[in-house]
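*Asks:* Hey, dropping run.pdb in here, PDB, C-alpha atoms:
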ATOM      1  CA  MET A   1     -18.319 -54.738  -9.678
ATOM      2  CA  ASN A   2     -18.191 -51.004  -9.416
ATOM      3  CA  GLY A   3     -18.802 -49.325  -6.060
ATOM      4  CA  PRO A   4     -21.149 -46.407  -5.489
ATOM      5  CA  ALA A   5     -20.319 -43.237  -7.339
ATOM      6  CA  PRO A   6     -18.456 -40.712  -5.205
ATOM      7  CA  ALA A   7     -20.551 -37.880  -3.850
ATOM      8  CA  PRO A   8     -20.090 -34.622  -5.739
ATOM      9  CA  ALA A   9     -17.838 -32.098  -4.073
ATOM     10  CA  PRO A  10     -19.828 -29.441  -2.222
ATOM     11  CA  THR A  11     -20.119 -26.156  -4.057
ATOM     12  CA  PRO A  12     -18.344 -23.446  -2.114
ATOM     13  CA  GLY A  13     -20.674 -20.764  -0.834
ATOM     14  CA  PRO A  14     -20.138 -17.035  -1.086
ATOM     15  CA  VAL A  15     -17.123 -15.676   0.764
ATOM     16  CA  PRO A  16     -18.248 -13.727   3.857
ATOM     17  CA  VAL A  17     -17.186 -10.091   3.920
ATOM     18  CA  TRP A  18     -16.129 -10.315   7.560
ATOM     19  CA  ASN A  19     -13.379 -12.870   7.099
ATOM     20  CA  ILE A  20      -9.944 -12.818   8.734
ATOM     21  CA  ALA A  21      -8.259 -11.129   5.744
ATOM     22  CA  ASN A  22     -10.741  -8.242   5.660
ATOM     23  CA  ILE A  23     -10.648  -7.877   9.439
ATOM     24  CA  LEU A  24      -6.867  -7.431   9.229
ATOM     25  CA  THR A  25      -7.368  -4.840   6.493
ATOM     26  CA  MET A  26      -9.825  -2.899   8.654
ATOM     27  CA  SER A  27      -7.498  -3.139  11.650
ATOM     28  CA  ARG A  28      -4.841  -1.461   9.510
ATOM     29  CA  LEU A  29      -7.214   1.424   8.840
ATOM     30  CA  VAL A  30      -7.918   1.732  12.576
ATOM     31  CA  MET A  31      -4.172   1.864  13.287
ATOM     32  CA  VAL A  32      -3.672   4.905  11.037
ATOM     33  CA  PRO A  33      -5.193   7.533  13.389
ATOM     34  CA  LEU A  34      -3.500   5.829  16.348
ATOM     35  CA  PHE A  35      -0.157   6.155  14.555
ATOM     36  CA  VAL A  36      -0.796   9.840  13.815
ATOM     37  CA  VAL A  37      -1.643  10.605  17.451
ATOM     38  CA  PHE A  38       1.524   8.879  18.678
ATOM     39  CA  MET A  39       3.640  10.869  16.212
ATOM     40  CA  PHE A  40       2.508  14.195  17.659
ATOM     41  CA  LEU A  41       3.089  13.258  21.300
ATOM     42  CA  GLU A  42       6.351  14.752  22.495
ATOM     43  CA  HIS A  43       7.879  12.095  24.752
ATOM     44  CA  PRO A  44      10.485   9.983  22.865
ATOM     45  CA  ALA A  45       8.738   6.783  23.951
ATOM     46  CA  TRP A  46       5.738   7.713  21.807
ATOM     47  CA  ARG A  47       7.995   7.829  18.750
ATOM     48  CA  PHE A  48       8.921   4.209  19.349
ATOM     49  CA  ALA A  49       5.219   3.441  19.799
ATOM     50  CA  ALA A  50       4.425   5.116  16.458
ATOM     51  CA  PHE A  51       7.217   3.125  14.800
ATOM     52  CA  ALA A  52       5.834  -0.112  16.276
ATOM     53  CA  VAL A  53       2.286   0.655  15.103
ATOM     54  CA  PHE A  54       3.515   1.458  11.584
ATOM     55  CA  VAL A  55       5.542  -1.762  11.353
ATOM     56  CA  LEU A  56       2.634  -3.822  12.727
ATOM     57  CA  ALA A  57       0.264  -2.266  10.194
ATOM     58  CA  ALA A  58       2.729  -2.984   7.370
ATOM     59  CA  ILE A  59       2.953  -6.623   8.493
ATOM     60  CA  THR A  60      -0.843  -6.991   8.410
ATOM     61  CA  ASP A  61      -0.721  -5.770   4.806
ATOM     62  CA  ARG A  62       1.497  -8.718   3.937
ATOM     63  CA  ILE A  63      -0.522 -11.234   5.939
ATOM     64  CA  ASP A  64      -4.031 -10.304   4.805
ATOM     65  CA  GLY A  65      -3.151 -10.631   1.128
ATOM     66  CA  GLU A  66      -1.618 -14.075   1.596
ATOM     67  CA  LEU A  67      -4.564 -15.254   3.706
ATOM     68  CA  ALA A  68      -7.062 -14.029   1.129
ATOM     69  CA  ARG A  69      -5.312 -15.914  -1.675
ATOM     70  CA  ARG A  70      -4.508 -19.144   0.201
ATOM     71  CA  ARG A  71      -7.929 -19.522   1.831
ATOM     72  CA  ASN A  72      -9.974 -18.206  -1.094
ATOM     73  CA  LEU A  73     -11.155 -15.227   0.946
ATOM     74  CA  VAL A  74     -10.909 -12.666  -1.856
ATOM     75  CA  THR A  75     -13.923 -10.325  -1.846
ATOM     76  CA  ASP A  76     -14.879  -7.192  -3.758
ATOM     77  CA  PHE A  77     -14.775  -5.327  -0.450
ATOM     78  CA  GLY A  78     -11.218  -6.500   0.152
ATOM     79  CA  LYS A  79     -10.123  -5.504  -3.343
ATOM     80  CA  ILE A  80     -11.241  -1.936  -2.619
ATOM     81  CA  ALA A  81     -10.401  -1.653   1.085
ATOM     82  CA  ASP A  82      -6.893  -3.141   0.907
ATOM     83  CA  PRO A  83      -5.303  -0.531  -1.405
ATOM     84  CA  ILE A  84      -7.152   2.251   0.439
ATOM     85  CA  ALA A  85      -5.700   1.025   3.742
ATOM     86  CA  ASP A  86      -2.215   0.832   2.205
ATOM     87  CA  LYS A  87      -2.347   4.360   0.848
ATOM     88  CA  ALA A  88      -3.904   5.722   4.043
ATOM     89  CA  LEU A  89      -1.029   4.282   6.075
ATOM     90  CA  THR A  90       1.845   5.446   3.878
ATOM     91  CA  GLY A  91       0.118   8.742   3.061
ATOM     92  CA  ALA A  92      -0.461   9.569   6.730
ATOM     93  CA  ALA A  93       3.154   8.724   7.560
ATOM     94  CA  LEU A  94       4.520  10.911   4.748
ATOM     95  CA  VAL A  95       2.296  13.867   5.628
ATOM     96  CA  VAL A  96       3.125  13.675   9.337
ATOM     97  CA  LEU A  97       6.863  13.441   8.635
ATOM     98  CA  SER A  98       6.607  16.542   6.429
ATOM     99  CA  MET A  99       4.550  18.405   9.035
ATOM    100  CA  LEU A 100       7.252  17.648  11.594
ATOM    101  CA  GLY A 101       9.908  18.969   9.207
ATOM    102  CA  GLU A 102      11.637  15.619   8.805
ATOM    103  CA  LEU A 103      10.775  15.031   5.130
ATOM    104  CA  TRP A 104      10.618  17.527   2.286
ATOM    105  CA  TRP A 105       7.054  18.386   1.313
ATOM    106  CA  TRP A 106       7.820  18.020  -2.402
ATOM    107  CA  VAL A 107       8.714  14.354  -1.847
ATOM    108  CA  THR A 108       5.444  13.727  -0.017
ATOM    109  CA  ILE A 109       3.406  15.546  -2.674
ATOM    110  CA  ALA A 110       5.141  13.723  -5.552
ATOM    111  CA  ILE A 111       4.483  10.306  -4.003
ATOM    112  CA  LEU A 112       0.877  11.065  -3.048
ATOM    113  CA  VAL A 113       0.019  12.502  -6.459
ATOM    114  CA  ARG A 114       1.469   9.407  -8.113
ATOM    115  CA  GLU A 115      -0.314   6.990  -5.755
ATOM    116  CA  TRP A 116      -3.796   8.494  -5.950
ATOM    117  CA  GLY A 117      -3.394   9.447  -9.605
ATOM    118  CA  ILE A 118      -2.573   5.868 -10.630
ATOM    119  CA  THR A 119      -5.429   4.543  -8.476
ATOM    120  CA  ALA A 120      -7.822   6.881 -10.290
ATOM    121  CA  LEU A 121      -6.336   5.872 -13.651
ATOM    122  CA  ARG A 122      -6.838   2.161 -12.939
ATOM    123  CA  PHE A 123     -10.490   2.792 -12.114
ATOM    124  CA  ALA A 124     -10.883   4.967 -15.224
ATOM    125  CA  VAL A 125      -9.720   2.209 -17.586
ATOM    126  CA  ILE A 126     -11.286  -0.721 -15.744
ATOM    127  CA  ARG A 127     -13.996  -0.990 -18.421
ATOM    128  CA  TYR A 128     -11.233  -1.850 -20.898
ATOM    129  CA  GLY A 129      -9.479  -4.311 -18.588
ATOM    130  CA  VAL A 130      -7.448  -4.630 -15.403
ATOM    131  CA  ILE A 131      -3.891  -3.353 -15.116
ATOM    132  CA  PRO A 132      -2.148  -6.005 -12.990
ATOM    133  CA  ALA A 133       0.279  -5.095 -10.235
ATOM    134  CA  SER A 134       3.819  -5.331 -11.563
ATOM    135  CA  ARG A 135       7.014  -6.414  -9.865
ATOM    136  CA  GLY A 136       8.090  -2.802  -9.977
ATOM    137  CA  GLY A 137       4.928  -1.840  -8.131
ATOM    138  CA  LYS A 138       5.638  -4.386  -5.414
ATOM    139  CA  LEU A 139       9.228  -3.162  -5.138
ATOM    140  CA  LYS A 140       7.902   0.389  -4.854
ATOM    141  CA  THR A 141       5.683  -0.591  -1.939
ATOM    142  CA  VAL A 142       8.525  -2.349  -0.111
ATOM    143  CA  LEU A 143      10.888   0.593  -0.601
ATOM    144  CA  GLN A 144       8.288   3.077   0.625
ATOM    145  CA  ILE A 145       7.553   1.033   3.747
ATOM    146  CA  VAL A 146      11.246   0.502   4.572
ATOM    147  CA  ALA A 147      12.161   4.153   3.917
ATOM    148  CA  ILE A 148       9.301   5.453   6.067
ATOM    149  CA  ALA A 149      10.144   2.982   8.856
ATOM    150  CA  VAL A 150      13.749   4.214   8.899
ATOM    151  CA  TYR A 151      12.542   7.833   9.090
ATOM    152  CA  LEU A 152      10.256   6.919  11.981
ATOM    153  CA  PHE A 153      12.948   5.167  13.982
ATOM    154  CA  PRO A 154      14.908   7.757  16.026
ATOM    155  CA  LEU A 155      18.317   7.269  14.461
ATOM    156  CA  PRO A 156      21.363   9.327  15.488
ATOM    157  CA  GLU A 157      21.948  12.366  13.301
ATOM    158  CA  PRO A 158      24.853  10.869  11.275
ATOM    159  CA  LEU A 159      22.657   7.963  10.201
ATOM    160  CA  HIS A 160      19.865  10.143   8.792
ATOM    161  CA  ILE A 161      21.575   9.821   5.407
ATOM    162  CA  VAL A 162      20.360   6.183   5.337
ATOM    163  CA  ALA A 163      16.746   7.359   5.482
ATOM    164  CA  HIS A 164      17.367   9.938   2.747
ATOM    165  CA  VAL A 165      18.993   7.388   0.424
ATOM    166  CA  LEU A 166      16.168   4.885   0.902
ATOM    167  CA  MET A 167      13.527   7.538   0.307
ATOM    168  CA  ALA A 168      15.322   8.703  -2.846
ATOM    169  CA  ALA A 169      15.231   5.117  -4.138
ATOM    170  CA  ALA A 170      11.565   4.790  -3.179
ATOM    171  CA  LEU A 171      10.711   8.052  -4.950
ATOM    172  CA  ALA A 172      12.588   7.045  -8.108
ATOM    173  CA  VAL A 173      10.834   3.649  -8.332
ATOM    174  CA  THR A 174       7.481   5.249  -7.452
ATOM    175  CA  LEU A 175       7.718   7.720 -10.325
ATOM    176  CA  TRP A 176       9.111   5.145 -12.762
ATOM    177  CA  THR A 177       6.336   2.638 -12.074
ATOM    178  CA  GLY A 178       3.786   5.447 -12.297
ATOM    179  CA  GLY A 179       4.949   6.220 -15.820
ATOM    180  CA  ASP A 180       4.817   2.519 -16.675
ATOM    181  CA  TYR A 181       1.184   2.304 -15.493
ATOM    182  CA  VAL A 182       0.265   5.271 -17.684
ATOM    183  CA  VAL A 183       1.817   3.545 -20.711
ATOM    184  CA  GLN A 184      -0.051   0.307 -19.901
ATOM    185  CA  ALA A 185      -3.335   2.201 -19.526
ATOM    186  CA  LEU A 186      -2.895   3.865 -22.914
ATOM    187  CA  ARG A 187      -2.082   0.530 -24.577
ATOM    188  CA  LEU A 188      -5.055  -1.148 -22.920
ATOM    189  CA  ARG A 189      -7.396   1.589 -24.064
ATOM    190  CA  ARG A 190      -6.006   1.543 -27.593
ATOM    191  CA  SER A 191      -6.292  -2.254 -27.867
ATOM    192  CA  ALA A 192      -9.857  -2.263 -26.534
ATOM    193  CA  ARG A 193     -10.952   0.429 -28.964
ATOM    194  CA  ALA A 194      -9.236  -1.296 -31.875
ATOM    195  CA  GLY A 195     -10.996  -4.551 -30.981
ATOM    196  CA  ALA A 196     -14.355  -2.830 -30.705
ATOM    197  CA  SER A 197     -13.937  -1.223 -34.115
ATOM    198  CA  GLY A 198     -12.781  -4.493 -35.668
ATOM    199  CA  GLY A 199      -9.452  -2.989 -36.651
TER     200      GLY A 199
END
Would you write out, as C-alpha cells, the structure that this file holds?

*Replies:*
Amino acid sequence: MNGPAPAPAPTPGPVPVWNIANILTMSRLVMVPLFVVFMFLEHPAWRFAAFAVFVLAAITDRIDGELARRRNLVTDFGKIADPIADKALTGAALVVLSMLGELWWWVTIAILVREWGITALRFAVIRYGVIPASRGGKLKTVLQIVAIAVYLFPLPEPLHIVAHVLMAAALAVTLWTGGDYVVQALRLRRSARAGASGG
C-alpha cells in the first residue's frame, strides 16, 4: 500500500536585492572614499589604516561572490554593482598612488583604459552573448590587488622593487587578457551574425 504522495517542493521566490552579498558589495563602495581620505592624511598611522581598508574591501569582494553563488543570491543588481565596486576600488587606489608620485601615471592610465574599455566592450556585445570571465581575468584581478596592497604598505626603500615587479606582472596580464577579450568579442559577433544570416 502506497503512502501519501510527497508534497511538492516549494518554489523559490524572487531573490531580494538587499541580501548579504549585495550589502557586502555596497559596503565595498562605501569604503572607497574612506580609503582615499586616509591616503591623503599625513600621519604614517593613516597609511596603515588605508592599507587595512583596502585589504578589507578586497576580502569582501571574495566573500560576496561566494555567498551569492552558494546561497543563490545572484541578482541583476549584484551583477552590475559588483564589477563597478571592484573597478572603483582598484581605480581609486591606482589614481591616488599616482597622485602621490608612488606609481607612474602611464601604468595607471593603461590599466584603467583596459578595465573600463573591456567593461564597455562586454556591454556592447551582450546582445550576441556573454563573454565569461577567464582564468586569466581572475589572475589579473589577484595580481592587481596584491601589487596595490604591496604599494600601500609602507615598505623600506630597498623593498620597493617587490612592488614594482608585482605591478609589472599585473600590467602584463591585464593587457594580455584585455587583448584576449577583444578577440573573444570579435568571434562572438562574427558567429552571431553568421548564425543570423544562415551561413

*Asks:* Tell me, as a ChimeraX atom specification, which residues lie within 12 Å of Ser27 in chain A, counting all atoms listed in the file; anything in the same chain fewer than 3 positions away does not count.

*Replies:* /A:18,20-24,30-34,53-54,56-61,64,81-82,85-86,89

*Asks:* At a cut-off of 12 Å, using all atoms listed in the file, what residues contact range 91-99 of chain A? Leave out same-chain residues fewer than 3 positions from it and give the result as a PyMOL selection string.

*Replies:* chain A and resi 29+31-41+47+50-51+53-55+57-58+83-88+102-116+141+144-153+167+171

*Asks:* Can I get the selection written as a PDB file, keeping the file's coordinate frame, with C-alpha atoms?

*Replies:*
ATOM      1  CA  LEU A  29      -7.214   1.424   8.840  1.00  0.00           C
ATOM      2  CA  MET A  31      -4.172   1.864  13.287  1.00  0.00           C
ATOM      3  CA  VAL A  32      -3.672   4.905  11.037  1.00  0.00           C
ATOM      4  CA  PRO A  33      -5.193   7.533  13.389  1.00  0.00           C
ATOM      5  CA  LEU A  34      -3.500   5.829  16.348  1.00  0.00           C
ATOM      6  CA  PHE A  35      -0.157   6.155  14.555  1.00  0.00           C
ATOM      7  CA  VAL A  36      -0.796   9.840  13.815  1.00  0.00           C
ATOM      8  CA  VAL A  37      -1.643  10.605  17.451  1.00  0.00           C
ATOM      9  CA  PHE A  38       1.524   8.879  18.678  1.00  0.00           C
ATOM     10  CA  MET A  39       3.640  10.869  16.212  1.00  0.00           C
ATOM     11  CA  PHE A  40       2.508  14.195  17.659  1.00  0.00           C
ATOM     12  CA  LEU A  41       3.089  13.258  21.300  1.00  0.00           C
ATOM     13  CA  ARG A  47       7.995   7.829  18.750  1.00  0.00           C
ATOM     14  CA  ALA A  50       4.425   5.116  16.458  1.00  0.00           C
ATOM     15  CA  PHE A  51       7.217   3.125  14.800  1.00  0.00           C
ATOM     16  CA  VAL A  53       2.286   0.655  15.103  1.00  0.00           C
ATOM     17  CA  PHE A  54       3.515   1.458  11.584  1.00  0.00           C
ATOM     18  CA  VAL A  55       5.542  -1.762  11.353  1.00  0.00           C
ATOM     19  CA  ALA A  57       0.264  -2.266  10.194  1.00  0.00           C
ATOM     20  CA  ALA A  58       2.729  -2.984   7.370  1.00  0.00           C
ATOM     21  CA  PRO A  83      -5.303  -0.531  -1.405  1.00  0.00           C
ATOM     22  CA  ILE A  84      -7.152   2.251   0.439  1.00  0.00           C
ATOM     23  CA  ALA A  85      -5.700   1.025   3.742  1.00  0.00           C
ATOM     24  CA  ASP A  86      -2.215   0.832   2.205  1.00  0.00           C
ATOM     25  CA  LYS A  87      -2.347   4.360   0.848  1.00  0.00           C
ATOM     26  CA  ALA A  88      -3.904   5.722   4.043  1.00  0.00           C
ATOM     27  CA  GLU A 102      11.637  15.619   8.805  1.00  0.00           C
ATOM     28  CA  LEU A 103      10.775  15.031   5.130  1.00  0.00           C
ATOM     29  CA  TRP A 104      10.618  17.527   2.286  1.00  0.00           C
ATOM     30  CA  TRP A 105       7.054  18.386   1.313  1.00  0.00           C
ATOM     31  CA  TRP A 106       7.820  18.020  -2.402  1.00  0.00           C
ATOM     32  CA  VAL A 107       8.714  14.354  -1.847  1.00  0.00           C
ATOM     33  CA  THR A 108       5.444  13.727  -0.017  1.00  0.00           C
ATOM     34  CA  ILE A 109       3.406  15.546  -2.674  1.00  0.00           C
ATOM     35  CA  ALA A 110       5.141  13.723  -5.552  1.00  0.00           C
ATOM     36  CA  ILE A 111       4.483  10.306  -4.003  1.00  0.00           C
ATOM     37  CA  LEU A 112       0.877  11.065  -3.048  1.00  0.00           C
ATOM     38  CA  VAL A 113       0.019  12.502  -6.459  1.00  0.00           C
ATOM     39  CA  ARG A 114       1.469   9.407  -8.113  1.00  0.00           C
ATOM     40  CA  GLU A 115      -0.314   6.990  -5.755  1.00  0.00           C
ATOM     41  CA  TRP A 116      -3.796   8.494  -5.950  1.00  0.00           C
ATOM     42  CA  THR A 141       5.683  -0.591  -1.939  1.00  0.00           C
ATOM     43  CA  GLN A 144       8.288   3.077   0.625  1.00  0.00           C
ATOM     44  CA  ILE A 145       7.553   1.033   3.747  1.00  0.00           C
ATOM     45  CA  VAL A 146      11.246   0.502   4.572  1.00  0.00           C
ATOM     46  CA  ALA A 147      12.161   4.153   3.917  1.00  0.00           C
ATOM     47  CA  ILE A 148       9.301   5.453   6.067  1.00  0.00           C
ATOM     48  CA  ALA A 149      10.144   2.982   8.856  1.00  0.00           C
ATOM     49  CA  VAL A 150      13.749   4.214   8.899  1.00  0.00           C
ATOM     50  CA  TYR A 151      12.542   7.833   9.090  1.00  0.00           C
ATOM     51  CA  LEU A 152      10.256   6.919  11.981  1.00  0.00           C
ATOM     52  CA  PHE A 153      12.948   5.167  13.982  1.00  0.00           C
ATOM     53  CA  MET A 167      13.527   7.538   0.307  1.00  0.00           C
ATOM     54  CA  LEU A 171      10.711   8.052  -4.950  1.00  0.00           C
TER      55      LEU A 171
END

*Asks:* Point out the residue among A:Ala168, A:Gly136, A:Gly179, A:Arg189 with the least atom-to-atom distance to Ala124 in chain A, counting only C-alpha atoms.

*Replies:*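 Answer, going by the shortest atom-to-atom distance: A:Arg189.
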
*Asks:* Please compute the CA of Ile126 in chain A-CA of Leu139 in chain A distance, one decimal, in Å.

*Replies:* 23.2 Å

*Asks:* Please return as a PyMOL selection string every residue within 12 Å of (2.1, -2.4, -7.4), taking into account only C-alpha atoms and the file's own coordinates.

*Replies:* chain A and resi 83+86-87+114-115+118-119+122+131-144+173-178+180-181

*Asks:* Quick one: pull the distance between CA of Leu121 in chain A and CA of Gly195 in chain A, Å, one decimal.

*Replies:*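 Computing it gives 20.8 Å between the two atoms.
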
*Asks:* Could you tell me how far CA of Gly65 in chain A sits from CA of Gln184 in chain A, in Å to one decimal place?

*Replies:*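 Value for the CA of Gln184 in chain A-CA of Gly65 in chain A distance: 23.9 Å.
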
*Asks:* Padding of 5 Å on every side, edges along x, y and z, all listed atoms of range 81-94 of chain A included: what centre and edge lengths in Å, to one decimal, does that box have, as AutoDock Vina command-line options?

*Replies:*
--center_x -2.9 --center_y 3.9 --center_z 3.1 --size_x 24.9 --size_y 24.1 --size_z 19.0
